[in-house]
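Structure file upload.cif with mmCIF, C-alpha atoms:
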```cif
data_my_file
#
loop_
_atom_site.label_atom_id
_atom_site.label_comp_id
_atom_site.auth_asym_id
_atom_site.auth_seq_id
_atom_site.Cartn_x
_atom_site.Cartn_y
_atom_site.Cartn_z
CA MET B 17 -89.11 20.85 -28.84
CA THR B 18 -89.85 20.24 -32.50
CA THR B 19 -93.52 21.23 -32.33
CA ARG B 20 -92.97 24.66 -30.76
CA LEU B 21 -90.08 25.55 -33.06
CA ASP B 22 -91.94 24.31 -36.13
CA GLN B 23 -95.00 26.34 -35.20
CA HIS B 24 -93.01 29.56 -34.74
CA LEU B 25 -91.04 29.25 -37.98
CA SER B 26 -93.95 28.11 -40.11
CA GLN B 27 -95.97 31.05 -38.77
CA ALA B 28 -93.16 33.44 -39.77
CA VAL B 29 -93.52 32.18 -43.33
CA ALA B 30 -97.32 32.16 -43.28
CA SER B 31 -97.43 35.76 -42.00
CA GLY B 32 -95.18 37.00 -44.79
CA ALA B 33 -92.35 37.93 -42.42
CA VAL B 34 -89.98 35.89 -44.60
CA PRO B 35 -90.41 33.80 -47.77
CA GLY B 36 -88.50 30.91 -46.26
CA VAL B 37 -86.17 29.93 -43.44
CA VAL B 38 -83.68 27.22 -42.48
CA ALA B 39 -83.03 26.58 -38.79
CA LEU B 40 -80.66 24.26 -36.95
CA ALA B 41 -79.42 23.81 -33.41
CA ALA B 42 -76.95 21.52 -31.67
CA ASP B 43 -75.64 20.76 -28.21
CA ALA B 44 -72.43 19.08 -27.13
CA ASN B 45 -73.80 15.70 -28.24
CA GLY B 46 -74.91 16.66 -31.74
CA ILE B 47 -77.77 18.15 -33.73
CA ILE B 48 -80.98 18.60 -31.73
CA TYR B 49 -83.10 20.47 -34.30
CA SER B 50 -83.11 21.01 -38.06
CA ASN B 51 -85.89 22.02 -40.43
CA ALA B 52 -86.73 24.23 -43.39
CA PHE B 53 -89.93 26.16 -44.16
CA GLY B 54 -91.39 28.15 -47.02
CA GLN B 55 -89.86 28.78 -50.42
CA ARG B 56 -86.51 29.99 -51.69
CA GLY B 57 -87.63 33.53 -52.49
CA PRO B 58 -90.50 35.88 -53.33
CA THR B 59 -90.77 34.50 -56.87
CA ASP B 60 -88.74 31.28 -56.48
CA LYS B 61 -91.39 28.68 -55.65
CA ASN B 62 -88.86 25.91 -54.97
CA ALA B 63 -89.25 24.67 -51.43
CA MET B 64 -86.65 25.85 -48.95
CA ALA B 65 -84.54 22.85 -47.97
CA LEU B 66 -81.76 22.10 -45.52
CA ASP B 67 -79.25 22.03 -48.39
CA THR B 68 -80.36 25.40 -49.80
CA VAL B 69 -77.30 27.61 -50.42
CA PHE B 70 -77.23 31.07 -48.82
CA ARG B 71 -75.11 34.18 -49.21
CA ILE B 72 -73.80 34.28 -45.65
CA ALA B 73 -72.06 37.67 -46.01
CA SER B 74 -70.55 38.71 -42.66
CA MET B 75 -70.90 35.24 -41.19
CA THR B 76 -67.75 34.79 -43.29
CA LYS B 77 -65.88 36.91 -40.74
CA ALA B 78 -65.65 34.32 -37.97
CA ILE B 79 -64.25 31.78 -40.43
CA THR B 80 -61.60 34.20 -41.72
CA ALA B 81 -60.73 35.13 -38.14
CA ALA B 82 -60.30 31.43 -37.35
CA ALA B 83 -57.86 31.17 -40.25
CA ALA B 84 -55.86 34.13 -38.97
CA MET B 85 -55.85 32.68 -35.47
CA LYS B 86 -54.54 29.37 -36.79
CA LEU B 87 -51.51 31.28 -38.07
CA VAL B 88 -51.22 32.96 -34.66
CA GLU B 89 -51.24 29.62 -32.84
CA GLU B 90 -48.55 28.38 -35.22
CA GLY B 91 -46.38 31.38 -34.36
CA ARG B 92 -46.39 32.65 -37.94
CA ILE B 93 -47.95 35.99 -37.04
CA GLY B 94 -48.47 37.98 -33.85
CA LEU B 95 -51.88 39.07 -32.63
CA ASP B 96 -50.41 42.42 -31.58
CA GLN B 97 -47.86 42.66 -34.40
CA PRO B 98 -48.05 45.80 -36.59
CA MET B 99 -49.65 44.66 -39.83
CA LYS B 100 -47.57 47.10 -41.88
CA GLU B 101 -44.76 44.55 -41.38
CA ILE B 102 -46.78 42.14 -43.52
CA ALA B 103 -48.75 44.50 -45.77
CA ALA B 104 -46.96 47.83 -46.22
CA GLN B 105 -50.16 49.44 -47.53
CA ILE B 106 -51.72 49.26 -44.05
CA GLY B 107 -48.90 51.47 -42.79
CA GLN B 108 -49.84 54.09 -45.38
CA ALA B 109 -53.45 54.46 -44.21
CA GLN B 110 -54.29 57.94 -42.91
CA VAL B 111 -57.01 59.04 -40.49
CA LEU B 112 -59.81 60.93 -42.24
CA THR B 113 -60.59 64.10 -40.24
CA GLY B 114 -63.12 65.71 -42.58
CA PHE B 115 -63.43 67.58 -45.88
CA ASP B 116 -62.54 71.15 -46.85
CA ALA B 117 -64.93 73.59 -48.51
CA SER B 118 -64.18 72.14 -51.93
CA GLY B 119 -64.89 68.57 -50.77
CA LYS B 120 -61.23 67.52 -50.59
CA PRO B 121 -60.60 64.94 -47.83
CA GLN B 122 -58.45 66.07 -44.91
CA THR B 123 -56.26 63.43 -43.28
CA ARG B 124 -53.49 62.95 -40.73
CA ALA B 125 -51.17 60.18 -39.66
CA PRO B 126 -52.57 57.69 -37.11
CA LYS B 127 -51.20 57.76 -33.57
CA ARG B 128 -50.34 54.05 -33.54
CA ASP B 129 -49.93 51.05 -35.82
CA VAL B 130 -52.78 48.77 -36.91
CA THR B 131 -52.37 45.26 -35.44
CA LEU B 132 -54.08 41.97 -36.26
CA ARG B 133 -56.08 42.34 -33.04
CA HIS B 134 -57.38 45.68 -34.33
CA LEU B 135 -58.36 44.13 -37.67
CA LEU B 136 -60.21 41.21 -36.07
CA THR B 137 -62.08 43.36 -33.55
CA HIS B 138 -63.23 46.33 -35.70
CA THR B 139 -61.04 48.67 -33.66
CA SER B 140 -58.53 49.35 -36.47
CA GLY B 141 -60.16 52.57 -37.66
CA TYR B 142 -61.23 50.99 -40.96
CA ALA B 143 -64.96 51.43 -41.62
CA TYR B 144 -67.31 50.30 -44.41
CA ASP B 145 -67.98 52.62 -47.33
CA LEU B 146 -71.33 50.79 -47.56
CA PHE B 147 -72.44 52.10 -44.15
CA ASN B 148 -70.25 55.16 -43.44
CA THR B 149 -71.04 58.15 -45.67
CA GLN B 150 -67.72 59.89 -45.00
CA VAL B 151 -65.73 56.88 -46.13
CA GLY B 152 -67.98 56.59 -49.17
CA ASN B 153 -67.29 60.24 -50.02
CA TYR B 154 -63.53 59.70 -49.58
CA MET B 155 -63.61 56.69 -51.89
CA GLN B 156 -65.62 58.64 -54.47
CA TYR B 157 -63.25 61.64 -54.32
CA HIS B 158 -60.21 59.45 -54.94
CA GLN B 159 -62.11 57.29 -57.47
CA LEU B 160 -61.53 54.16 -55.41
CA PRO B 161 -63.87 51.18 -55.79
CA SER B 162 -66.13 49.91 -53.02
CA ILE B 163 -65.06 46.86 -51.02
CA ALA B 164 -68.00 45.08 -52.70
CA THR B 165 -65.99 45.03 -55.97
CA CYS B 166 -63.25 42.86 -54.40
CA LYS B 167 -60.63 45.07 -56.07
CA PHE B 168 -57.27 45.68 -54.38
CA ASP B 169 -57.79 49.45 -54.64
CA SER B 170 -60.83 49.14 -52.36
CA LEU B 171 -58.40 48.39 -49.52
CA LYS B 172 -56.92 51.91 -49.90
CA ALA B 173 -59.71 53.17 -47.67
CA PRO B 174 -58.86 55.64 -44.90
CA LEU B 175 -59.11 55.13 -41.17
CA VAL B 176 -61.86 57.06 -39.40
CA PHE B 177 -60.19 57.03 -35.97
CA ASP B 178 -56.89 56.04 -34.40
CA PRO B 179 -56.39 52.28 -34.05
CA GLY B 180 -57.54 50.91 -30.72
CA GLU B 181 -59.67 53.90 -29.70
CA ARG B 182 -63.20 52.71 -30.45
CA TRP B 183 -65.30 50.17 -32.35
CA GLU B 184 -66.76 50.63 -35.82
CA TYR B 185 -67.80 47.90 -38.21
CA GLY B 186 -65.52 47.81 -41.20
CA ILE B 187 -63.18 46.12 -43.64
CA GLY B 188 -60.68 44.97 -41.02
CA ILE B 189 -61.42 41.28 -41.59
CA ASP B 190 -61.19 41.72 -45.36
CA TRP B 191 -57.67 42.93 -44.59
CA ALA B 192 -57.18 39.97 -42.25
CA GLY B 193 -58.05 37.67 -45.16
CA ARG B 194 -55.33 39.32 -47.23
CA ILE B 195 -52.92 38.88 -44.30
CA VAL B 196 -53.72 35.14 -44.28
CA GLU B 197 -52.91 35.02 -47.99
CA ILE B 198 -49.60 36.87 -47.62
CA VAL B 199 -48.40 34.87 -44.60
CA SER B 200 -49.54 31.47 -45.86
CA GLY B 201 -48.64 32.00 -49.52
CA MET B 202 -52.07 30.60 -50.43
CA LYS B 203 -55.28 32.08 -51.75
CA LEU B 204 -57.75 32.53 -48.90
CA ALA B 205 -60.17 30.12 -50.59
CA ASP B 206 -57.49 27.43 -50.77
CA TYR B 207 -56.33 28.02 -47.19
CA LEU B 208 -59.88 27.69 -45.86
CA ASP B 209 -60.50 24.58 -47.96
CA GLN B 210 -57.37 22.87 -46.72
CA HIS B 211 -57.47 23.82 -43.05
CA PHE B 212 -61.18 24.15 -42.29
CA PHE B 213 -63.74 23.16 -44.93
CA LYS B 214 -62.34 19.75 -45.88
CA PRO B 215 -61.44 18.65 -42.32
CA LEU B 216 -64.84 19.82 -41.03
CA LYS B 217 -66.69 18.36 -44.05
CA MET B 218 -68.18 21.74 -44.92
CA ASN B 219 -68.64 20.62 -48.50
CA ASP B 220 -71.08 23.37 -49.50
CA THR B 221 -69.08 26.37 -48.27
CA SER B 222 -67.18 28.31 -50.92
CA PHE B 223 -66.40 31.74 -52.33
CA VAL B 224 -67.35 30.46 -55.79
CA LEU B 225 -70.62 28.75 -56.64
CA ARG B 226 -70.24 25.31 -58.16
CA ASP B 227 -72.97 24.36 -60.65
CA ASP B 228 -74.62 22.07 -58.11
CA MET B 229 -74.63 24.94 -55.58
CA LYS B 230 -76.15 27.37 -58.11
CA SER B 231 -79.10 25.04 -58.56
CA ARG B 232 -79.76 25.24 -54.80
CA LEU B 233 -79.09 28.98 -54.34
CA VAL B 234 -81.66 30.99 -52.41
CA GLN B 235 -83.12 34.01 -54.17
CA ALA B 236 -81.78 37.36 -52.96
CA ALA B 237 -84.63 39.67 -51.96
CA ALA B 238 -85.40 43.05 -50.47
CA ARG B 239 -88.36 44.45 -48.56
CA THR B 240 -89.56 47.68 -50.12
CA PRO B 241 -90.71 50.58 -47.89
CA ASP B 242 -94.33 49.47 -48.39
CA GLY B 243 -93.48 46.05 -46.98
CA VAL B 244 -93.51 44.06 -50.23
CA LEU B 245 -90.73 41.52 -50.82
CA SER B 246 -89.21 41.54 -54.30
CA PRO B 247 -86.30 39.70 -55.96
CA LEU B 248 -82.92 41.41 -55.91
CA ASP B 249 -79.87 41.05 -58.13
CA PHE B 250 -77.07 40.88 -55.58
CA GLU B 251 -73.79 38.97 -55.94
CA PHE B 252 -70.22 39.75 -54.98
CA PRO B 253 -67.85 39.17 -57.92
CA SER B 254 -66.12 35.79 -57.89
CA ASP B 255 -63.42 37.02 -60.28
CA GLY B 256 -62.18 40.03 -58.29
CA ASP B 257 -58.61 40.61 -57.13
CA PHE B 258 -59.34 38.83 -53.85
CA HIS B 259 -62.12 36.99 -52.06
CA MET B 260 -63.79 38.99 -49.31
CA GLY B 261 -62.73 37.51 -46.00
CA GLY B 262 -65.31 39.78 -44.43
CA GLY B 263 -68.29 38.73 -46.47
CA GLY B 264 -67.88 36.65 -49.60
CA LEU B 265 -68.82 33.07 -48.68
CA TYR B 266 -71.76 30.95 -49.74
CA SER B 267 -72.82 28.19 -47.36
CA THR B 268 -75.71 26.10 -46.08
CA GLY B 269 -77.26 25.90 -42.63
CA PRO B 270 -75.85 22.42 -41.92
CA ASP B 271 -72.37 23.47 -43.09
CA TYR B 272 -72.26 26.58 -40.93
CA LEU B 273 -73.52 24.62 -37.94
CA ARG B 274 -70.48 22.38 -38.32
CA PHE B 275 -68.28 25.46 -37.93
CA THR B 276 -70.14 26.71 -34.84
CA ARG B 277 -70.12 23.20 -33.35
CA MET B 278 -66.34 23.17 -33.81
CA ILE B 279 -66.09 26.42 -31.84
CA LEU B 280 -68.45 25.03 -29.18
CA GLY B 281 -66.24 21.94 -29.03
CA GLY B 282 -63.06 23.90 -28.38
CA GLY B 283 -61.60 23.57 -31.88
CA SER B 284 -62.60 20.00 -32.69
CA LEU B 285 -65.55 18.28 -34.34
CA ASP B 286 -66.10 14.54 -34.77
CA GLY B 287 -62.58 13.86 -33.53
CA VAL B 288 -60.91 16.26 -35.98
CA GLU B 289 -59.00 19.21 -34.49
CA VAL B 290 -58.65 22.36 -36.63
CA LEU B 291 -57.78 24.78 -33.81
CA LYS B 292 -56.24 24.23 -30.40
CA PRO B 293 -58.54 24.61 -27.37
CA ALA B 294 -56.44 27.53 -26.08
CA THR B 295 -56.93 29.36 -29.38
CA VAL B 296 -60.71 28.92 -29.31
CA LYS B 297 -60.82 30.00 -25.66
CA LEU B 298 -58.93 33.18 -26.59
CA MET B 299 -61.26 33.83 -29.52
CA GLY B 300 -64.23 33.74 -27.16
CA GLN B 301 -62.86 36.26 -24.67
CA ASN B 302 -63.23 40.04 -24.66
CA ALA B 303 -60.44 41.29 -26.94
CA ILE B 304 -61.20 45.03 -26.79
CA GLY B 305 -60.80 45.81 -23.09
CA ASP B 306 -62.97 48.70 -21.93
CA ILE B 307 -64.20 49.56 -25.44
CA ALA B 308 -67.92 48.87 -25.82
CA VAL B 309 -69.57 47.66 -29.01
CA PRO B 310 -72.11 50.44 -29.64
CA PRO B 311 -75.52 50.02 -31.26
CA PHE B 312 -75.04 49.22 -34.95
CA MET B 313 -75.28 52.35 -37.09
CA SER B 314 -76.01 52.44 -40.82
CA ASP B 315 -76.18 55.37 -43.24
CA ASN B 316 -77.61 52.98 -45.84
CA PRO B 317 -81.13 51.83 -44.80
CA ALA B 318 -81.60 49.89 -48.05
CA MET B 319 -78.74 47.59 -46.95
CA ALA B 320 -79.05 47.66 -43.18
CA LEU B 321 -81.11 49.36 -40.50
CA SER B 322 -79.49 50.75 -37.38
CA ALA B 323 -80.17 48.52 -34.39
CA ASP B 324 -79.27 48.04 -30.73
CA LEU B 325 -78.21 44.41 -30.59
CA PHE B 326 -78.30 44.03 -26.80
CA PRO B 327 -80.41 46.84 -25.32
CA GLY B 328 -79.64 47.68 -21.72
CA GLN B 329 -76.28 45.96 -21.56
CA ILE B 330 -72.69 46.45 -22.66
CA ALA B 331 -71.50 44.31 -25.55
CA ARG B 332 -67.85 43.38 -26.14
CA TRP B 333 -66.01 41.79 -29.04
CA GLY B 334 -63.87 38.67 -29.28
CA LEU B 335 -61.83 37.25 -32.19
CA SER B 336 -64.21 37.65 -34.03
CA PHE B 337 -67.62 37.52 -32.37
CA VAL B 338 -69.90 39.92 -30.53
CA ILE B 339 -70.18 38.94 -26.84
CA ASN B 340 -73.21 39.74 -24.70
CA THR B 341 -72.00 40.41 -21.16
CA GLU B 342 -75.26 39.59 -19.37
CA ASP B 343 -77.77 36.77 -19.58
CA ILE B 344 -80.70 37.47 -21.91
CA PRO B 345 -83.81 36.24 -20.04
CA GLY B 346 -85.24 33.16 -21.69
CA CYS B 347 -82.43 33.15 -24.24
CA ARG B 348 -78.63 32.87 -24.45
CA ALA B 349 -76.41 33.13 -21.38
CA ALA B 350 -73.80 35.81 -20.76
CA ASN B 351 -70.55 35.43 -22.71
CA SER B 352 -72.23 33.85 -25.71
CA LEU B 353 -70.67 34.47 -29.13
CA ALA B 354 -72.61 35.60 -32.18
CA TRP B 355 -72.84 37.56 -35.37
CA ALA B 356 -74.89 37.71 -38.56
CA GLY B 357 -74.85 38.42 -42.29
CA VAL B 358 -76.37 41.42 -44.03
CA HIS B 359 -78.95 39.20 -45.78
CA ASN B 360 -80.31 38.22 -42.34
CA THR B 361 -78.45 35.02 -41.62
CA PHE B 362 -77.65 34.46 -37.93
CA TYR B 363 -75.77 32.22 -35.52
CA TRP B 364 -74.90 32.14 -31.85
CA ILE B 365 -72.73 29.93 -29.67
CA ASP B 366 -73.61 29.61 -25.97
CA PRO B 367 -70.76 27.90 -24.09
CA THR B 368 -72.57 28.10 -20.72
CA ASN B 369 -75.53 26.08 -21.97
CA GLN B 370 -73.46 24.11 -24.49
CA LEU B 371 -75.80 25.18 -27.27
CA THR B 372 -75.31 26.62 -30.75
CA ALA B 373 -77.86 27.58 -33.37
CA VAL B 374 -78.06 28.85 -36.94
CA LEU B 375 -81.00 30.67 -38.54
CA MET B 376 -80.87 31.41 -42.27
CA MET B 377 -83.11 33.84 -44.14
CA GLN B 378 -82.30 35.89 -47.24
CA LEU B 379 -83.58 39.40 -47.57
CA LEU B 380 -82.48 43.00 -47.15
CA PRO B 381 -82.25 45.21 -45.21
CA ALA B 382 -80.28 43.68 -42.34
CA ASN B 383 -82.06 44.07 -39.01
CA ASP B 384 -85.48 44.05 -40.69
CA PRO B 385 -87.92 44.14 -37.74
CA LYS B 386 -89.96 41.14 -38.95
CA VAL B 387 -86.77 39.14 -39.35
CA LEU B 388 -85.54 40.09 -35.89
CA GLY B 389 -88.90 39.01 -34.50
CA THR B 390 -88.43 35.64 -36.19
CA LEU B 391 -84.94 35.33 -34.69
CA VAL B 392 -85.98 36.26 -31.16
CA GLY B 393 -88.98 33.92 -31.25
CA TYR B 394 -86.77 31.07 -32.50
CA GLU B 395 -84.25 31.61 -29.73
CA GLN B 396 -86.95 31.83 -27.05
CA ALA B 397 -88.64 28.67 -28.29
CA LEU B 398 -85.34 26.81 -28.44
CA TYR B 399 -84.39 27.61 -24.83
CA ALA B 400 -87.93 27.06 -23.54
CA SER B 401 -87.95 23.58 -25.05
CA ARG B 402 -84.83 22.66 -23.07
CA ARG B 403 -86.16 23.60 -19.65
#
```
Let me see the structure of the file written as structure tokens.
Amino acid sequence: MTTRLDQHLSQAVASGAVPGVVALAADANGIIYSNAFGQRGPTDKNAMALDTVFRIASMTKAITAAAAMKLVEEGRIGLDQPMKEIAAQIGQAQVLTGFDASGKPQTRAPKRDVTLRHLLTHTSGYAYDLFNTQVGNYMQYHQLPSIATCKFDSLKAPLVFDPGERWEYGIGIDWAGRIVEIVSGMKLADYLDQHFFKPLKMNDTSFVLRDDMKSRLVQAAARTPDGVLSPLDFEFPSDGDFHMGGGGLYSTGPDYLRFTRMILGGGSLDGVEVLKPATVKLMGQNAIGDIAVPPFMSDNPAMALSADLFPGQIARWGLSFVINTEDIPGCRAANSLAWAGVHNTFYWIDPTNQLTAVLMMQLLPANDPKVLGTLVGYEQALYASRR
């Protein structure tokens, strides 16, 4: 196993596809692969290491969803409860229908209430101003800050469709993080520390960089249109009004693998239970009914490229993972759980094969073709080595 995986990942670095990469995999018995290749960035010559700290961006979402689901399993919140009962501001959100000739946004009341299920499954109607031009224009018209500022006013975004009617990637899980704070009476960072990071020994996962984490931080980078990788100044504020439950965490490959191993293990890792098996089972099931997860669309190619995640098949969404509904030949089985971060960090959890893997890189845009080639080759090599 090790030789084939090492060859693929070292070749990705040697070819210039990525400056560096960290890769890990585990089965039901423990870690079966871990290695690091290359350097920490285009101009950071420090060797990439297993304890290198990454901006994991939207890989934060599954962790925040797990926190919300812990409150659900405790009976402190309902999965299908209207969230305006907890955060009145959600009940004030209007559906954006367009703009008049002067550029003024036109809105109407939504047909139904936003629930926690909607927030966790990207079916709430909330979108991202980073990827949806209309939402960006609305925010600009009303002089509201982007979600990337972590300001409360950024949550005053409109809906772009009625809750429960379709899927669009958005700030729903940032709202879910705020719901966790309101219901628990704790800051999201403190709740995650107490209920997940400390029990799971995820000691290098945090919304705020400690000094020892800063010294191990990977360099943010971007690929220019001519293919050159250059350093990038990119950090979410750590002193905003709230921490982004949808994208604000820093972590390492080994730490995040502990989270995915917990999910693979039905809520427990190394004898420590953080979620009940029934909760994890529910999180891994289709939570959006007949709604399909469409190909990912982006109006911001500097941040993310549009991409069809599972060509030729229907994708669904759990709480909160994308679910492929068919086997991918030579790769993960049907009903695997996955997602990624905008800086090209990835994970998947394959319950059928009792396998989970993490692949960490750090460059924009998301869905960079050379990065996706590295991911696919890693997955193929991992499954081939187990035959």
Please report the interatomic distance between CA of Arg182 (chain B) and CA of Leu136 (chain B) in Å with one decimal. 13.1 Å
Using the chain letters and residue numbers of this document, give as a list in words the residues selected by the PyMOL selection byres ((chain B and resi 120) around 12).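 Here the PyMOL selection byres ((chain B and resi 120) around 12) matches Leu112, Thr113, Gly114, Phe115, Asp116, Ala117, Ser118, Gly119, Pro121, Gln122, Thr123, Gln150, Asn153, Tyr154, Met155, Gln156, Tyr157 and His158 of chain B.
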Mind pulling up the distance from CA of Arg133 (chain B) to CA of Pro179 (chain B)? 10.0 Å
Restricting the calculation to all atoms listed in the file: of B:Ala308, B:Ala349, B:Met299, B:Val130, which residue gets closest to Met99 (chain B)?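 For Met99 (chain B), the nearest of the candidates is B:Val130.
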Please report the interatomic distance between CA of Ala164 (chain B) and CA of Met260 (chain B) in Å with one decimal. 8.1 Å
Quick one: apply the PyMOL selection byres ((chain B and resi 304) around 8) to the file and drop the selected residues here as a PyMOL selection string. chain B and resi 137+139+180+302-303+305-308+332-334
Selection above as a file: C-alpha atoms, as a CSV table (one decimal), keeping the file's coordinate frame:
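Result file follows (out.csv):
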```csv
chain,number,residue,atom,x,y,z
B,137,THR,CA,-62.1,43.4,-33.6
B,139,THR,CA,-61.0,48.7,-33.7
B,180,GLY,CA,-57.5,50.9,-30.7
B,302,ASN,CA,-63.2,40.0,-24.7
B,303,ALA,CA,-60.4,41.3,-26.9
B,305,GLY,CA,-60.8,45.8,-23.1
B,306,ASP,CA,-63.0,48.7,-21.9
B,307,ILE,CA,-64.2,49.6,-25.4
B,308,ALA,CA,-67.9,48.9,-25.8
B,332,ARG,CA,-67.8,43.4,-26.1
B,333,TRP,CA,-66.0,41.8,-29.0
B,334,GLY,CA,-63.9,38.7,-29.3
```
Set out as CSV a contact list for region 277-360 of chain B and region 196-214 of chain B with a cut-off of 12 Å, giving each residue of region 277-360 of chain B that qualifies its closest atom pair and distance in Å to one decimal, counting all atoms listed in the file, ordered by chain and rising residue number.
```
residue,atom,partner,partner_atom,distance
B:Met278,CA,B:Phe212,CA,10.0
B:Ile279,CA,B:Phe212,CA,11.8
B:Gly283,CA,B:Phe212,CA,10.4
B:Ser284,CA,B:Phe212,CA,10.6
B:Leu285,CA,B:Phe212,CA,10.8
B:Val288,CA,B:Phe212,CA,10.1
B:Glu289,CA,B:Phe212,CA,9.5
B:Val290,CA,B:Phe212,CA,6.5
B:Leu291,CA,B:Phe212,CA,9.2
```
Could you give me, as an MDAnalysis selection string, the residues within 8 Å of Leu273 (chain B), counting all atoms listed in the file and dropping anything in the same chain fewer than 5 positions from it? chainID B and resid 40:42 372:374
Expand the PyMOL selection byres ((chain B and resi 280) around 7) into the individual residues it matches in the shown file, reporting them as JSON, numbers by chain. {"B": [276, 277, 278, 279, 281, 282, 365, 367, 370]}
I need the residues from that last selection saved to file as a PDB file, keeping the file's coordinate frame (with C-alpha atoms), if you can.
```
ATOM      1  CA  THR B 276     -70.140  26.710 -34.840  1.00  0.00           C
ATOM      2  CA  ARG B 277     -70.120  23.200 -33.350  1.00  0.00           C
ATOM      3  CA  MET B 278     -66.340  23.170 -33.810  1.00  0.00           C
ATOM      4  CA  ILE B 279     -66.090  26.420 -31.840  1.00  0.00           C
ATOM      5  CA  GLY B 281     -66.240  21.940 -29.030  1.00  0.00           C
ATOM      6  CA  GLY B 282     -63.060  23.900 -28.380  1.00  0.00           C
ATOM      7  CA  ILE B 365     -72.730  29.930 -29.670  1.00  0.00           C
ATOM      8  CA  PRO B 367     -70.760  27.900 -24.090  1.00  0.00           C
ATOM      9  CA  GLN B 370     -73.460  24.110 -24.490  1.00  0.00           C
TER      10      GLN B 370
END
```
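The residue that comes closest to Lys386 (chain B), out of B:Lys77, B:Arg194, B:Lys230, B:Arg239 and on the basis of only C-alpha atoms, is B:Arg239.
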Residue with smallest distance to Thr221 (chain B) - pool B:Thr76, B:Asn148, B:Gln396, B:Thr165, counting all atoms listed in the file: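 Closest to Thr221 (chain B), using all atoms listed in the file: B:Thr76.
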Counting all atoms listed in the file, the option among B:Ser352, B:Gly193, B:Pro327, B:Arg232 closest to Ile79 (chain B):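 For Ile79 (chain B), the nearest of the candidates is B:Gly193.
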Adding 4 Å on each side of the box along x, y and z that holds all listed atoms of region 146-162 of chain B, could you give its centre and edge lengths in Å to one decimal, as AutoDock Vina command-line options?
```
--center_x -66.3 --center_y 55.8 --center_z -50.5 --size_x 20.2 --size_y 19.7 --size_z 22.0
```
For region 213-247 of chain B versus region 355-360 of chain B, which residues have an atom no more than 9 Å away, and what is each residue's nearest atom pair and distance in Å rounded to one decimal, using all atoms listed in the file, chain-then-number order, as JSON lines?
```
{"residue": "B:Ala236", "atom": "CA", "partner": "B:His359", "partner_atom": "CA", "distance": 7.9}
{"residue": "B:Ala237", "atom": "CA", "partner": "B:His359", "partner_atom": "CA", "distance": 8.4}
{"residue": "B:Ala238", "atom": "CA", "partner": "B:His359", "partner_atom": "CA", "distance": 8.9}
```
Using only C-alpha atoms, which of B:Leu25, B:Leu146, B:Val151, B:Met75 sits nearest Val387 (chain B)? B:Leu25
Using all atoms listed in the file, which residues sit within 9 Å of Ile187 (chain B) once same-chain residues fewer than 3 positions away are excluded, as a VMD selection string? chain B and resid 135 138 142 to 145 163 171 173 190 to 192 261 to 262
For C-alpha atoms, I'd like the residues from the last selection saved as a PDB file, keeping the file's coordinate frame.
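Once everything was written out, this is out21.pdb:
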```pdb
ATOM      1  CA  LEU B 135     -58.360  44.130 -37.670  1.00  0.00           C
ATOM      2  CA  HIS B 138     -63.230  46.330 -35.700  1.00  0.00           C
ATOM      3  CA  TYR B 142     -61.230  50.990 -40.960  1.00  0.00           C
ATOM      4  CA  ALA B 143     -64.960  51.430 -41.620  1.00  0.00           C
ATOM      5  CA  TYR B 144     -67.310  50.300 -44.410  1.00  0.00           C
ATOM      6  CA  ASP B 145     -67.980  52.620 -47.330  1.00  0.00           C
ATOM      7  CA  ILE B 163     -65.060  46.860 -51.020  1.00  0.00           C
ATOM      8  CA  LEU B 171     -58.400  48.390 -49.520  1.00  0.00           C
ATOM      9  CA  ALA B 173     -59.710  53.170 -47.670  1.00  0.00           C
ATOM     10  CA  ASP B 190     -61.190  41.720 -45.360  1.00  0.00           C
ATOM     11  CA  TRP B 191     -57.670  42.930 -44.590  1.00  0.00           C
ATOM     12  CA  ALA B 192     -57.180  39.970 -42.250  1.00  0.00           C
ATOM     13  CA  GLY B 261     -62.730  37.510 -46.000  1.00  0.00           C
ATOM     14  CA  GLY B 262     -65.310  39.780 -44.430  1.00  0.00           C
TER      15      GLY B 262
END
```
Restricting the calculation to only C-alpha atoms: of B:Asp228, B:Glu395, B:Glu184, B:Asp67, which residue gets closest to His134 (chain B)?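 Result for the nearest residue to His134 (chain B): B:Glu184.
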Can you tell me which residues surround Ser314 (chain B) at a distance of at most 7 Å, considering only C-alpha atoms, apart from same-chain residues fewer than 3 positions away, and format the answer as a ChimeraX atom specification? /B:147-148,317,320-322
Can you complete the atoms of region 298-303 of chain B to N, CA and C atoms and list them as a compact mmCIF listing (two decimals), in the frame of the given file?
```
# COMPACT_ATOMS: atom_id res chain seq x y z
N LEU B 298 -59.34 31.79 -26.38
CA LEU B 298 -58.93 33.18 -26.59
C LEU B 298 -59.88 33.91 -27.52
N MET B 299 -60.33 33.22 -28.57
CA MET B 299 -61.26 33.83 -29.52
C MET B 299 -62.58 34.21 -28.86
N GLY B 300 -62.96 33.50 -27.81
CA GLY B 300 -64.23 33.74 -27.16
C GLY B 300 -64.18 34.72 -26.01
N GLN B 301 -63.00 35.30 -25.77
CA GLN B 301 -62.86 36.26 -24.67
C GLN B 301 -62.91 37.70 -25.19
N ASN B 302 -63.25 38.62 -24.32
CA ASN B 302 -63.23 40.04 -24.66
C ASN B 302 -61.83 40.43 -25.14
N ALA B 303 -61.74 40.92 -26.36
CA ALA B 303 -60.44 41.29 -26.94
C ALA B 303 -60.29 42.79 -27.12
```
